[in-house]
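Participant: File name target32.pdb; file contents PDB, C-alpha atoms; full text below.
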MODEL        1
ATOM      1  CA  VAL Z   1      63.635 113.418  15.560
ATOM      2  CA  VAL Z   2      64.949 110.663  17.819
ATOM      3  CA  ASN Z   3      68.567 109.655  18.271
ATOM      4  CA  ILE Z   4      68.006 105.901  18.139
ATOM      5  CA  ASP Z   5      71.556 105.059  19.195
ATOM      6  CA  GLN Z   6      71.307 107.170  22.347
ATOM      7  CA  TRP Z   7      67.780 105.962  23.164
ATOM      8  CA  LEU Z   8      68.836 102.327  22.797
ATOM      9  CA  ALA Z   9      71.937 102.830  24.972
ATOM     10  CA  GLU Z  10      69.744 104.271  27.744
ATOM     11  CA  GLU Z  11      67.216 101.440  27.441
ATOM     12  CA  VAL Z  12      69.792  98.671  27.840
ATOM     13  CA  GLN Z  13      71.403 100.237  30.928
ATOM     14  CA  LEU Z  14      68.983  98.385  33.238
ATOM     15  CA  VAL Z  15      69.699  95.053  31.551
ATOM     16  CA  PHE Z  16      73.436  95.617  31.853
ATOM     17  CA  ALA Z  17      73.051  96.643  35.511
ATOM     18  CA  GLU Z  18      71.202  93.406  36.326
ATOM     19  CA  GLN Z  19      73.830  91.299  34.563
ATOM     20  CA  GLU Z  20      76.648  93.160  36.323
ATOM     21  CA  ALA Z  21      75.040  92.629  39.743
ATOM     22  CA  ILE Z  22      74.937  88.875  39.115
ATOM     23  CA  ALA Z  23      78.526  88.831  37.835
ATOM     24  CA  PHE Z  24      79.936  90.840  40.767
ATOM     25  CA  ILE Z  25      78.452  88.265  43.158
ATOM     26  CA  SER Z  26      78.732  84.903  41.378
ATOM     27  CA  GLY Z  27      80.514  85.491  38.053
ATOM     28  CA  ASN Z  28      83.173  82.937  37.130
ATOM     29  CA  GLY Z  29      85.610  85.414  35.555
ATOM     30  CA  VAL Z  30      85.228  84.002  32.025
ATOM     31  CA  ASN Z  31      84.118  86.873  29.777
ATOM     32  CA  ARG Z  32      82.640  88.516  32.860
ATOM     33  CA  PRO Z  33      83.785  89.800  36.265
ATOM     34  CA  LYS Z  34      84.773  87.262  38.924
ATOM     35  CA  GLY Z  35      82.207  87.423  41.700
ATOM     36  CA  PHE Z  36      83.227  87.407  45.357
ATOM     37  CA  LEU Z  37      81.335  84.126  45.898
ATOM     38  CA  ASP Z  38      83.386  82.375  43.197
ATOM     39  CA  TYR Z  39      86.651  82.487  45.150
ATOM     40  CA  THR Z  40      87.904  79.637  47.340
ATOM     41  CA  LYS Z  41      86.200  79.803  50.720
ATOM     42  CA  VAL Z  42      87.816  78.614  53.952
ATOM     43  CA  VAL Z  43      86.838  78.560  57.608
ATOM     44  CA  ASP Z  44      87.842  81.949  58.970
ATOM     45  CA  ALA Z  45      90.034  80.403  61.667
ATOM     46  CA  SER Z  46      92.172  78.937  58.833
ATOM     47  CA  TRP Z  47      91.998  82.007  56.595
ATOM     48  CA  SER Z  48      94.913  82.863  54.319
ATOM     49  CA  TRP Z  49      95.420  85.432  51.580
ATOM     50  CA  GLY Z  50      93.716  84.497  48.307
ATOM     51  CA  ASN Z  51      90.733  82.913  50.077
ATOM     52  CA  VAL Z  52      87.502  84.302  51.494
ATOM     53  CA  GLY Z  53      86.901  83.491  55.147
ATOM     54  CA  TYR Z  54      83.547  82.272  56.391
ATOM     55  CA  LEU Z  55      81.738  81.378  59.596
ATOM     56  CA  ALA Z  56      79.152  78.601  59.721
ATOM     57  CA  THR Z  57      75.759  78.950  61.392
ATOM     58  CA  GLY Z  58      76.006  75.395  62.725
ATOM     59  CA  VAL Z  59      72.617  74.527  61.222
ATOM     60  CA  ALA Z  60      71.967  73.242  57.712
ATOM     61  CA  GLY Z  61      70.163  75.932  55.719
ATOM     62  CA  ALA Z  62      69.218  78.118  58.685
ATOM     63  CA  PHE Z  63      70.337  80.038  61.743
ATOM     64  CA  ALA Z  64      70.437  78.417  65.165
ATOM     65  CA  ALA Z  65      67.052  78.172  66.861
ATOM     66  CA  THR Z  66      68.302  79.911  70.011
ATOM     67  CA  ASN Z  67      70.123  83.241  69.970
ATOM     68  CA  PRO Z  68      70.502  83.308  66.161
ATOM     69  CA  SER Z  69      71.772  86.890  66.171
ATOM     70  CA  ASP Z  70      74.895  85.827  68.083
ATOM     71  CA  ARG Z  71      76.327  84.447  64.851
ATOM     72  CA  LEU Z  72      75.764  87.822  63.153
ATOM     73  CA  ILE Z  73      77.853  89.446  65.882
ATOM     74  CA  ASP Z  74      80.586  86.855  65.329
ATOM     75  CA  LEU Z  75      80.585  87.597  61.597
ATOM     76  CA  ALA Z  76      80.752  91.355  62.143
ATOM     77  CA  TYR Z  77      83.737  91.015  64.469
ATOM     78  CA  ALA Z  78      85.529  88.616  62.136
ATOM     79  CA  LEU Z  79      86.497  91.776  60.238
ATOM     80  CA  ARG Z  80      89.391  93.908  61.414
ATOM     81  CA  VAL Z  81      88.365  97.286  62.791
ATOM     82  CA  GLY Z  82      89.645  99.241  59.791
ATOM     83  CA  TYR Z  83      87.242  97.405  57.500
ATOM     84  CA  ARG Z  84      84.376  97.040  59.952
ATOM     85  CA  GLN Z  85      83.869 100.806  60.173
ATOM     86  CA  ASN Z  86      82.834 100.975  56.493
ATOM     87  CA  ALA Z  87      81.230  97.546  56.239
ATOM     88  CA  SER Z  88      77.746  96.592  55.123
ATOM     89  CA  TRP Z  89      75.616  93.454  54.937
ATOM     90  CA  VAL Z  90      74.710  91.931  51.568
ATOM     91  CA  MET Z  91      71.792  89.494  51.224
ATOM     92  CA  ASN Z  92      68.671  88.848  49.177
ATOM     93  CA  ARG Z  93      65.134  89.677  50.271
ATOM     94  CA  ARG Z  94      64.338  86.189  51.607
ATOM     95  CA  THR Z  95      67.353  86.232  53.900
ATOM     96  CA  GLN Z  96      66.354  89.735  54.992
ATOM     97  CA  ALA Z  97      62.865  88.486  55.844
ATOM     98  CA  ALA Z  98      64.333  85.824  58.133
ATOM     99  CA  ILE Z  99      66.754  88.202  59.862
ATOM    100  CA  ARG Z 100      64.156  90.944  60.331
ATOM    101  CA  LYS Z 101      62.345  88.640  62.761
ATOM    102  CA  PHE Z 102      65.316  88.388  65.140
ATOM    103  CA  ARG Z 103      64.758  90.045  68.519
ATOM    104  CA  ASP Z 104      67.064  90.955  71.358
ATOM    105  CA  SER Z 105      66.631  89.835  74.971
ATOM    106  CA  THR Z 106      64.109  92.633  75.606
ATOM    107  CA  GLY Z 107      61.932  91.689  72.635
ATOM    108  CA  ASN Z 108      63.025  94.517  70.330
ATOM    109  CA  TYR Z 109      63.849  93.785  66.706
ATOM    110  CA  ILE Z 110      67.577  94.069  65.976
ATOM    111  CA  TRP Z 111      66.775  95.268  62.435
ATOM    112  CA  GLN Z 112      66.358  99.031  62.325
ATOM    113  CA  PRO Z 113      64.383 100.516  59.420
ATOM    114  CA  SER Z 114      65.528 103.706  57.763
ATOM    115  CA  HIS Z 115      64.167 106.924  59.229
ATOM    116  CA  SER Z 116      64.239 108.720  55.877
ATOM    117  CA  PRO Z 117      63.183 107.747  52.339
ATOM    118  CA  ALA Z 118      66.750 108.093  51.063
ATOM    119  CA  GLY Z 119      68.330 106.256  53.978
ATOM    120  CA  LYS Z 120      69.189 102.584  54.394
ATOM    121  CA  ALA Z 121      67.987 100.062  56.903
ATOM    122  CA  THR Z 122      70.643  98.966  59.385
ATOM    123  CA  LEU Z 123      71.431  95.709  61.107
ATOM    124  CA  MET Z 124      73.489  96.067  64.292
ATOM    125  CA  GLY Z 125      74.390  99.580  63.159
ATOM    126  CA  PHE Z 126      75.669  98.568  59.705
ATOM    127  CA  PRO Z 127      73.807  99.335  56.456
ATOM    128  CA  VAL Z 128      72.056  96.555  54.544
ATOM    129  CA  THR Z 129      72.333  96.122  50.782
ATOM    130  CA  GLU Z 130      69.681  94.000  49.097
ATOM    131  CA  ALA Z 131      71.054  91.955  46.190
ATOM    132  CA  GLU Z 132      68.729  89.543  44.426
ATOM    133  CA  ALA Z 133      71.732  87.677  43.000
ATOM    134  CA  MET Z 134      72.694  86.440  46.477
ATOM    135  CA  PRO Z 135      71.682  82.805  47.065
ATOM    136  CA  ASP Z 136      68.850  81.735  49.355
ATOM    137  CA  MET Z 137      69.394  80.180  52.779
ATOM    138  CA  VAL Z 138      69.741  76.536  51.819
ATOM    139  CA  THR Z 139      72.130  73.872  53.063
ATOM    140  CA  ASP Z 140      75.777  74.967  52.708
ATOM    141  CA  SER Z 141      74.881  78.166  50.836
ATOM    142  CA  PHE Z 142      76.727  81.451  51.359
ATOM    143  CA  ALA Z 143      73.617  83.607  51.567
ATOM    144  CA  LEU Z 144      75.050  86.407  53.708
ATOM    145  CA  ALA Z 145      78.128  88.552  53.190
ATOM    146  CA  PHE Z 146      79.601  91.256  55.382
ATOM    147  CA  GLY Z 147      82.487  93.504  54.544
ATOM    148  CA  ASP Z 148      83.964  96.729  53.299
ATOM    149  CA  PHE Z 149      83.264  96.163  49.622
ATOM    150  CA  ALA Z 150      84.772  99.487  48.565
ATOM    151  CA  ALA Z 151      88.116  98.279  49.900
ATOM    152  CA  GLY Z 152      87.657  94.597  49.153
ATOM    153  CA  TYR Z 153      86.197  94.430  45.648
ATOM    154  CA  LEU Z 154      87.554  96.320  42.643
ATOM    155  CA  ILE Z 155      85.309  97.197  39.702
ATOM    156  CA  VAL Z 156      86.914  98.374  36.478
ATOM    157  CA  ASP Z 157      84.254  99.943  34.300
ATOM    158  CA  ARG Z 158      84.632 101.516  30.896
ATOM    159  CA  VAL Z 159      82.200 104.419  30.945
ATOM    160  CA  GLY Z 160      79.233 104.219  28.620
ATOM    161  CA  VAL Z 161      77.545 101.702  26.354
ATOM    162  CA  ARG Z 162      78.903 101.169  22.854
ATOM    163  CA  VAL Z 163      76.278 100.923  20.114
ATOM    164  CA  LEU Z 164      77.185  99.544  16.687
ATOM    165  CA  ARG Z 165      74.708 100.172  13.882
ATOM    166  CA  ASP Z 166      74.474  97.488  11.168
ATOM    167  CA  PRO Z 167      72.243  98.506   8.244
ATOM    168  CA  TYR Z 168      73.557  95.774   5.911
ATOM    169  CA  SER Z 169      73.080  92.317   7.460
ATOM    170  CA  ALA Z 170      69.269  92.201   7.590
ATOM    171  CA  LYS Z 171      67.949  94.640   4.995
ATOM    172  CA  PRO Z 172      65.568  96.450   5.132
ATOM    173  CA  TYR Z 173      66.043  96.292   8.904
ATOM    174  CA  VAL Z 174      68.810  97.938  10.898
ATOM    175  CA  LEU Z 175      70.496  95.874  13.590
ATOM    176  CA  PHE Z 176      72.035  97.407  16.698
ATOM    177  CA  TYR Z 177      74.748  95.673  18.727
ATOM    178  CA  THR Z 178      75.281  97.010  22.227
ATOM    179  CA  THR Z 179      78.356  96.262  24.305
ATOM    180  CA  LYS Z 180      79.717  97.377  27.641
ATOM    181  CA  ARG Z 181      83.111  96.537  29.081
ATOM    182  CA  VAL Z 182      83.407  95.902  32.805
ATOM    183  CA  GLY Z 183      85.627  93.784  35.014
ATOM    184  CA  GLY Z 184      85.805  93.018  38.702
ATOM    185  CA  GLY Z 185      87.428  90.907  41.373
ATOM    186  CA  ILE Z 186      88.523  90.844  44.983
ATOM    187  CA  GLN Z 187      91.525  93.054  45.632
ATOM    188  CA  ASN Z 188      91.628  92.729  49.428
ATOM    189  CA  PHE Z 189      90.733  89.315  50.862
ATOM    190  CA  GLU Z 190      90.728  90.631  54.443
ATOM    191  CA  ALA Z 191      87.818  92.996  53.804
ATOM    192  CA  ILE Z 192      85.028  90.479  53.007
ATOM    193  CA  LYS Z 193      83.589  87.678  55.157
ATOM    194  CA  LEU Z 194      80.776  85.224  54.453
ATOM    195  CA  MET Z 195      78.192  83.275  56.427
ATOM    196  CA  LYS Z 196      77.781  79.611  55.490
ATOM    197  CA  PHE Z 197      74.407  78.092  56.299
ATOM    198  CA  GLY Z 198      75.782  74.707  57.207
ATOM    199  CA  LEU Z 199      77.216  72.610  60.009
ATOM    200  CA  THR Z 200      80.903  73.391  59.431
TER     201      THR Z 200
ENDMDL
END
What would the structure in this file look like if it were written as structure tokens?

Facilitator:
Amino acid sequence: VVNIDQWLAEEVQLVFAEQEAIAFISGNGVNRPKGFLDYTKVVDASWSWGNVGYLATGVAGAFAATNPSDRLIDLAYALRVGYRQNASWVMNRRTQAAIRKFRDSTGNYIWQPSHSPAGKATLMGFPVTEAEAMPDMVTDSFALAFGDFAAGYLIVDRVGVRVLRDPYSAKPYVLFYTTKRVGGGIQNFEAIKLMKFGLT
């Protein structure tokens, strides 16, 4: 005996998780959460509440050829100390591949792999979160984020997946409609900063 409703709800969890990850990053807020990349972005020197501050790499679609890690330090210290202590990097795997090749003046990689299977890799002492929904490093993209997302981004999630059984619409088949309610948006605009891969 199989509880089809429960089995189906468990099967769709992965699909919902993938859709939520995309929405939390780039969702437009229409029938989905508003992603942190969908807000108005301004140069961090001109930052004001309601906008997300960013620093530019100074190169279209890439980091500077010399001392590229300096811009990562600038981004990390764009955050106030209260948020920087709990901050993490967010990027996709292609951006990670580029940053993993950065070395310090002594030739050591600045990226530090995890020393345990359950641990996270760190970049300049801050954990790294891999998110496939983050854009690639192309001209004027915001492919790298840094911040205290627990303080900066609020997720409102109704626990569980709702399954509606419909045995009438397509006899002799039974249709199942699955829904999940979730919302999200920035609640603290000071806690998240972005890196723009562009000139200004």

Participant: Can you give me, as a VMD selection string, the residues this file yields under the PyMOL selection byres ((chain Z and resi 121) around 12)?

Facilitator: chain Z and resid 88 to 90 96 100 110 to 120 122 to 130

Participant: Segment 98-116 of chain Z, all listed atoms, 5 Å padding on each side: what axis-aligned box centre and edge lengths in Å to one decimal come out, as lines of an AutoDock Vina configuration file?

Facilitator:
center_x = 64.8
center_y = 97.3
center_z = 65.7
size_x = 15.6
size_y = 32.9
size_z = 29.7

Participant: Hey, which bits of segment 115-178 of chain Z sit within 8 Å of segment 19-39 of chain Z, and for each residue what's the closest pair of atoms and how far apart in Å (one decimal), counting all atoms listed in the file, rows by chain and increasing number, as JSON lines?

Facilitator:
{"residue": "Z:Ala131", "atom": "CA", "partner": "Z:Ala21", "partner_atom": "CA", "distance": 7.6}
{"residue": "Z:Ala133", "atom": "CA", "partner": "Z:Ile22", "partner_atom": "CA", "distance": 5.2}
{"residue": "Z:Met134", "atom": "CA", "partner": "Z:Ile25", "partner_atom": "CA", "distance": 6.9}
{"residue": "Z:Phe142", "atom": "CA", "partner": "Z:Leu37", "partner_atom": "CA", "distance": 7.6}
{"residue": "Z:Tyr153", "atom": "CA", "partner": "Z:Phe36", "partner_atom": "CA", "distance": 7.6}

Participant: Take the residues that were just selected and, keeping C-alpha atoms, output them as a short mmCIF file (atom, residue, chain, number, x, y, z; two decimals), in the coordinates of the input.

Facilitator:
data_model
loop_
_atom_site.label_atom_id
_atom_site.label_comp_id
_atom_site.auth_asym_id
_atom_site.auth_seq_id
_atom_site.Cartn_x
_atom_site.Cartn_y
_atom_site.Cartn_z
CA ALA Z 131 71.05 91.96 46.19
CA ALA Z 133 71.73 87.68 43.00
CA MET Z 134 72.69 86.44 46.48
CA PHE Z 142 76.73 81.45 51.36
CA TYR Z 153 86.20 94.43 45.65
#

Participant: Once the PyMOL selection byres ((chain Z and resi 67-83) around 7) is applied to the coordinates I shared, what remains selected? I want it as a list in words.

Facilitator: Leu55, Thr57, Phe63, Ala64, Ala65, Thr66, Arg84, Gln85, Asn86, Ala87, Phe102, Phe146, Gly147, Asp148 and Ala191 of chain Z

Participant: Would you mind exporting C-alpha atoms of the selected residues as a short mmCIF file (atom, residue, chain, number, x, y, z; two decimals), in the frame of the given file?

Facilitator:
data_model
loop_
_atom_site.label_atom_id
_atom_site.label_comp_id
_atom_site.auth_asym_id
_atom_site.auth_seq_id
_atom_site.Cartn_x
_atom_site.Cartn_y
_atom_site.Cartn_z
CA LEU Z 55 81.74 81.38 59.60
CA THR Z 57 75.76 78.95 61.39
CA PHE Z 63 70.34 80.04 61.74
CA ALA Z 64 70.44 78.42 65.17
CA ALA Z 65 67.05 78.17 66.86
CA THR Z 66 68.30 79.91 70.01
CA ARG Z 84 84.38 97.04 59.95
CA GLN Z 85 83.87 100.81 60.17
CA ASN Z 86 82.83 100.98 56.49
CA ALA Z 87 81.23 97.55 56.24
CA PHE Z 102 65.32 88.39 65.14
CA PHE Z 146 79.60 91.26 55.38
CA GLY Z 147 82.49 93.50 54.54
CA ASP Z 148 83.96 96.73 53.30
CA ALA Z 191 87.82 93.00 53.80
#

Participant: Tell me which of Z:Pro167, Z:Gly198, Z:Gly160, Z:Gly61 sits closest to Arg181 of chain Z, counting all atoms listed in the file.

Facilitator: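 Selected residue with least distance to Arg181 of chain Z: Z:Gly160.
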
Participant: Atom CA of Ala151 of chain Z and atom CA of Gln187 of chain Z, how far apart in Å?

Facilitator: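 The value is 7.6 Å.
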
Participant: Go through the shown structure with the PyMOL selection byres ((chain Z and resi 143) around 7) and write out the matching residues as number ranges by chain.

Facilitator: Z: 91, 134-137, 141-142, 144-145, 195-196

Participant: Mind writing the picked residues with C-alpha atoms as a short mmCIF file (atom, residue, chain, number, x, y, z; two decimals), in the coordinates of the input?

Facilitator:
data_model
loop_
_atom_site.label_atom_id
_atom_site.label_comp_id
_atom_site.auth_asym_id
_atom_site.auth_seq_id
_atom_site.Cartn_x
_atom_site.Cartn_y
_atom_site.Cartn_z
CA MET Z 91 71.79 89.49 51.22
CA MET Z 134 72.69 86.44 46.48
CA PRO Z 135 71.68 82.80 47.06
CA ASP Z 136 68.85 81.74 49.36
CA MET Z 137 69.39 80.18 52.78
CA SER Z 141 74.88 78.17 50.84
CA PHE Z 142 76.73 81.45 51.36
CA LEU Z 144 75.05 86.41 53.71
CA ALA Z 145 78.13 88.55 53.19
CA MET Z 195 78.19 83.28 56.43
CA LYS Z 196 77.78 79.61 55.49
#
